[in-house]
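Engineer: Okay, so here is structure-v8.txt, and as you'll see once you scroll down, it has compact mmCIF, C-alpha atoms.
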```txt
# COMPACT_ATOMS: atom_id res chain seq x y z
CA PRO X 1 162.20 89.46 62.89
CA PRO X 2 160.78 92.46 64.76
CA SER X 3 158.95 91.69 67.97
CA PRO X 4 155.18 92.27 68.11
CA PRO X 5 154.04 95.60 69.55
CA PRO X 6 153.17 95.59 73.25
CA PRO X 7 149.49 95.03 74.04
CA SER X 8 147.33 98.15 74.36
CA PRO X 9 146.41 99.18 77.89
CA PRO X 10 142.84 98.33 78.89
CA PRO X 11 140.27 101.11 78.43
CA PRO X 12 139.60 103.15 81.56
CA SER X 13 136.78 101.91 83.76
CA PRO X 14 133.63 104.02 83.73
CA PRO X 15 133.10 106.01 86.93
CA PRO X 16 130.89 104.28 89.49
CA SER X 17 127.26 105.21 89.04
CA ALA X 18 124.47 105.47 91.56
CA PRO X 19 122.52 102.26 92.08
CA PRO X 20 119.65 102.08 89.62
CA THR X 21 116.25 103.21 90.85
CA PRO X 22 113.94 100.19 90.97
CA CYS X 23 111.49 100.18 88.11
CA GLY X 24 109.13 97.70 86.57
CA CYS X 25 107.27 94.95 88.33
CA ASP X 26 109.89 92.96 90.24
CA ALA X 27 108.73 90.81 93.15
CA ASP X 28 112.21 90.91 94.69
CA ALA X 29 112.51 94.71 94.59
CA PRO X 30 111.36 96.87 97.47
CA TRP X 31 107.77 98.12 97.10
CA ASP X 32 106.47 101.11 99.04
CA PRO X 33 103.04 101.88 100.45
CA PRO X 34 100.94 104.40 98.49
CA GLY X 35 102.46 107.78 99.24
CA GLY X 36 106.02 106.47 99.04
CA ALA X 37 108.65 105.17 101.42
CA GLY X 38 107.89 106.05 105.01
CA ALA X 39 104.13 106.43 104.44
CA ALA X 40 101.87 104.73 106.96
CA GLN X 41 100.92 101.11 106.38
CA GLY X 42 97.38 99.79 106.46
CA ALA X 43 94.65 98.53 104.15
CA CYS X 44 94.63 99.74 100.52
CA ARG X 45 92.13 102.51 99.80
CA THR X 46 91.16 104.53 96.73
CA ALA X 47 91.06 108.35 96.73
CA ASP X 48 87.43 108.34 97.91
CA GLY X 49 88.26 105.95 100.78
CA GLY X 50 86.69 102.92 99.08
CA TYR X 51 88.13 99.45 98.62
CA GLY X 52 88.19 99.66 94.81
CA ASP X 53 88.18 96.56 92.62
CA TYR X 54 90.34 93.72 93.89
CA THR X 55 90.55 89.94 93.89
CA GLU X 56 91.33 88.11 97.12
CA TYR X 57 93.59 85.06 97.22
CA ARG X 58 94.46 82.92 100.24
CA GLY X 59 97.36 80.65 101.06
CA TYR X 60 100.24 82.97 100.19
CA GLY X 61 103.17 82.28 102.49
CA ASN X 62 105.02 85.56 102.12
CA LEU X 63 105.00 89.04 100.65
CA THR X 64 107.27 88.11 97.73
CA GLU X 65 104.76 85.49 96.51
CA CYS X 66 101.97 88.08 96.66
CA LYS X 67 104.10 90.62 94.76
CA ALA X 68 104.87 87.98 92.10
CA LEU X 69 101.14 87.33 91.67
CA CYS X 70 100.63 91.07 91.08
CA CYS X 71 103.43 91.14 88.50
CA ASP X 72 101.73 88.25 86.67
CA THR X 73 98.27 89.89 86.79
CA PRO X 74 97.49 92.42 84.04
CA GLY X 75 96.17 95.66 85.50
CA CYS X 76 97.51 95.10 89.02
CA VAL X 77 98.30 98.49 90.58
CA ALA X 78 98.68 97.48 94.25
CA ILE X 79 98.62 94.57 96.66
CA GLU X 80 97.37 94.18 100.19
CA PHE X 81 99.09 91.39 102.10
CA THR X 82 98.07 90.06 105.49
CA ALA X 83 100.84 87.78 106.75
CA ASP X 84 98.97 86.07 109.59
CA SER X 85 96.24 84.78 107.26
CA GLY X 86 98.26 84.49 104.02
CA GLN X 87 95.69 86.72 102.30
CA CYS X 88 96.85 88.48 99.13
CA GLU X 89 94.58 91.05 97.49
CA ILE X 90 95.33 92.11 93.91
CA HIS X 91 94.01 95.64 93.38
CA THR X 92 93.15 96.93 89.92
CA ASP X 93 91.68 100.34 90.89
CA ASN X 94 94.03 103.22 91.60
CA VAL X 95 95.06 102.95 95.25
CA THR X 96 96.22 106.29 96.64
CA ARG X 97 96.35 105.81 100.40
CA THR X 98 96.09 103.38 103.29
CA GLU X 99 93.72 103.09 106.22
CA ASP X 100 94.55 101.66 109.62
CA VAL X 101 92.09 98.86 110.36
CA SER X 102 92.12 98.17 114.09
CA GLY X 103 92.93 94.58 114.97
CA TYR X 104 94.28 93.63 111.52
CA ASP X 105 97.81 93.69 110.14
CA HIS X 106 97.06 94.75 106.55
CA ASN X 107 99.98 96.02 104.48
CA CYS X 108 99.41 97.81 101.17
CA TYR X 109 102.16 98.13 98.57
CA VAL X 110 102.43 99.55 95.07
CA PRO X 111 104.97 98.25 92.55
CA PRO X 112 107.81 100.48 91.35
CA PRO X 113 106.94 102.66 88.33
CA PRO X 114 107.41 101.17 84.84
CA CYS X 115 110.93 101.34 83.45
CA PRO X 116 111.58 104.05 80.86
CA PRO X 117 112.04 102.82 77.30
CA PRO X 118 115.64 102.20 76.25
CA PRO X 119 117.29 105.08 74.36
CA SER X 120 116.78 105.06 70.62
CA PRO X 121 119.83 104.16 68.53
CA PRO X 122 121.41 107.14 66.76
CA PRO X 123 120.22 107.66 63.18
CA PRO X 124 122.48 106.18 60.52
CA SER X 125 125.16 108.46 59.16
CA PRO X 126 124.51 109.79 55.67
CA PRO X 127 126.71 108.30 52.99
CA PRO X 128 129.79 110.41 52.16
CA SER X 129 129.33 112.85 49.27
CA PRO X 130 131.21 111.93 46.13
```
Would you give me this structure, written as structure tokens?
Structural biologist:
Amino acid sequence: PPSPPPPSPPPPSPPPSAPPTPCGCDADAPWDPPGGAGAAQGACRTADGGYGDYTEYRGYGNLTECKALCCDTPGCVAIEFTADSGQCEIHTDNVTRTEDVSGYDHNCYVPPPPCPPPPSPPPPSPPPSP
């Protein structure tokens, strides 16, 4: 009897791609201050310099817990975390900048932008003509 054909070689590996840009609300991902990476840290402020609408929570042990609370809160657009007091503010008004508040270690962060929708599947092929 003839021997079976040799196995096919594995398909080539895709070329390495750049690491994905963080998107969506992920408490473990890096979050930047308003203005992007490298912008100054401080208390969250709206465009007119106000505090905006926020809810204050106490007893948060670390930044990741505060970020997770934001991810679980509809309408959260930013957080302000103060490590020494465990204070976590969930902001629901558009925060555009930070303000240095002398004597306090406030840190304002905005979550990564939402993830783009997945690509649509291609339309079905038309049936062959008779």
Engineer: Set the distance at 10 Å and use only C-alpha atoms: which residues neighbour Ala27 in chain X once local chain neighbours fewer than 6 positions away are removed? I'd like the list as number ranges by chain.
Structural biologist: X: 63-72, 111-112
Engineer: Using CA of Arg97 in chain X and CA of Ala47 in chain X as the two end points, give the distance in Å to one decimal.
Structural biologist: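 That distance, rounded to one decimal, is 6.9 Å.
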Engineer: Write out as an MDAnalysis selection string which residues come within 7 Å of Thr96 in chain X when counting only C-alpha atoms, dropping same-chain ones fewer than 2 positions away.
Structural biologist: chainID X and resid 34:35 45:47 94
Engineer: Grab the CA of Tyr104 in chain X to CA of Arg58 in chain X distance for me, in Å with one decimal place.
Structural biologist: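 Computing the Euclidean distance for CA of Tyr104 in chain X and CA of Arg58 in chain X yields 15.6 Å.
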Engineer: CA of Ala37 in chain X and CA of Gly103 in chain X, how far apart in Å?
Structural biologist: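 For CA of Gly103 in chain X relative to CA of Ala37 in chain X, the distance reads 23.3 Å.
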Engineer: With only C-alpha atoms as the atoms that count, which of X:Asp48, X:Asp32, X:Glu89, X:Glu99 lies nearest to Tyr60 in chain X?
Structural biologist: X:Glu89
Engineer: Which of these, X:Val95, X:Cys23, X:Ala83, X:Cys44, has the shortest distance to Gly59 in chain X once you count only C-alpha atoms?
Structural biologist: X:Ala83
Engineer: Edge lengths and centre, in Å to one decimal, as AutoDock Vina command-line options: that's what I need for the box along x, y and z that holds all listed atoms of range 44-53 of chain X plus 3 Å on each side.
Structural biologist:
```
--center_x 90.7 --center_y 102.5 --center_z 96.7 --size_x 13.9 --size_y 17.8 --size_z 14.2
```
Engineer: Which one is closest to Gln87 in chain X: X:Ser102, X:Gly49, X:Pro74, X:Tyr57? Count only C-alpha atoms.
Structural biologist: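 Selected residue with least distance to Gln87 in chain X: X:Tyr57.
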Engineer: When you look at Pro113 in chain X with a cut-off of 12 Å (counting only C-alpha atoms), what residues show up, excluding the ones that are within fewer than 5 positions of it in the same chain? I need them as a PyMOL selection string.
Structural biologist: chain X and resi 21-26+29-32+34+36+77-78
Engineer: For Tyr51 in chain X, which residue out of X:Asp93, X:Asp84, X:Asp28, X:Asp105 is the nearest one, using only C-alpha atoms?
Structural biologist: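 Looking at the shortest contact to Tyr51 in chain X, the residue is X:Asp93.
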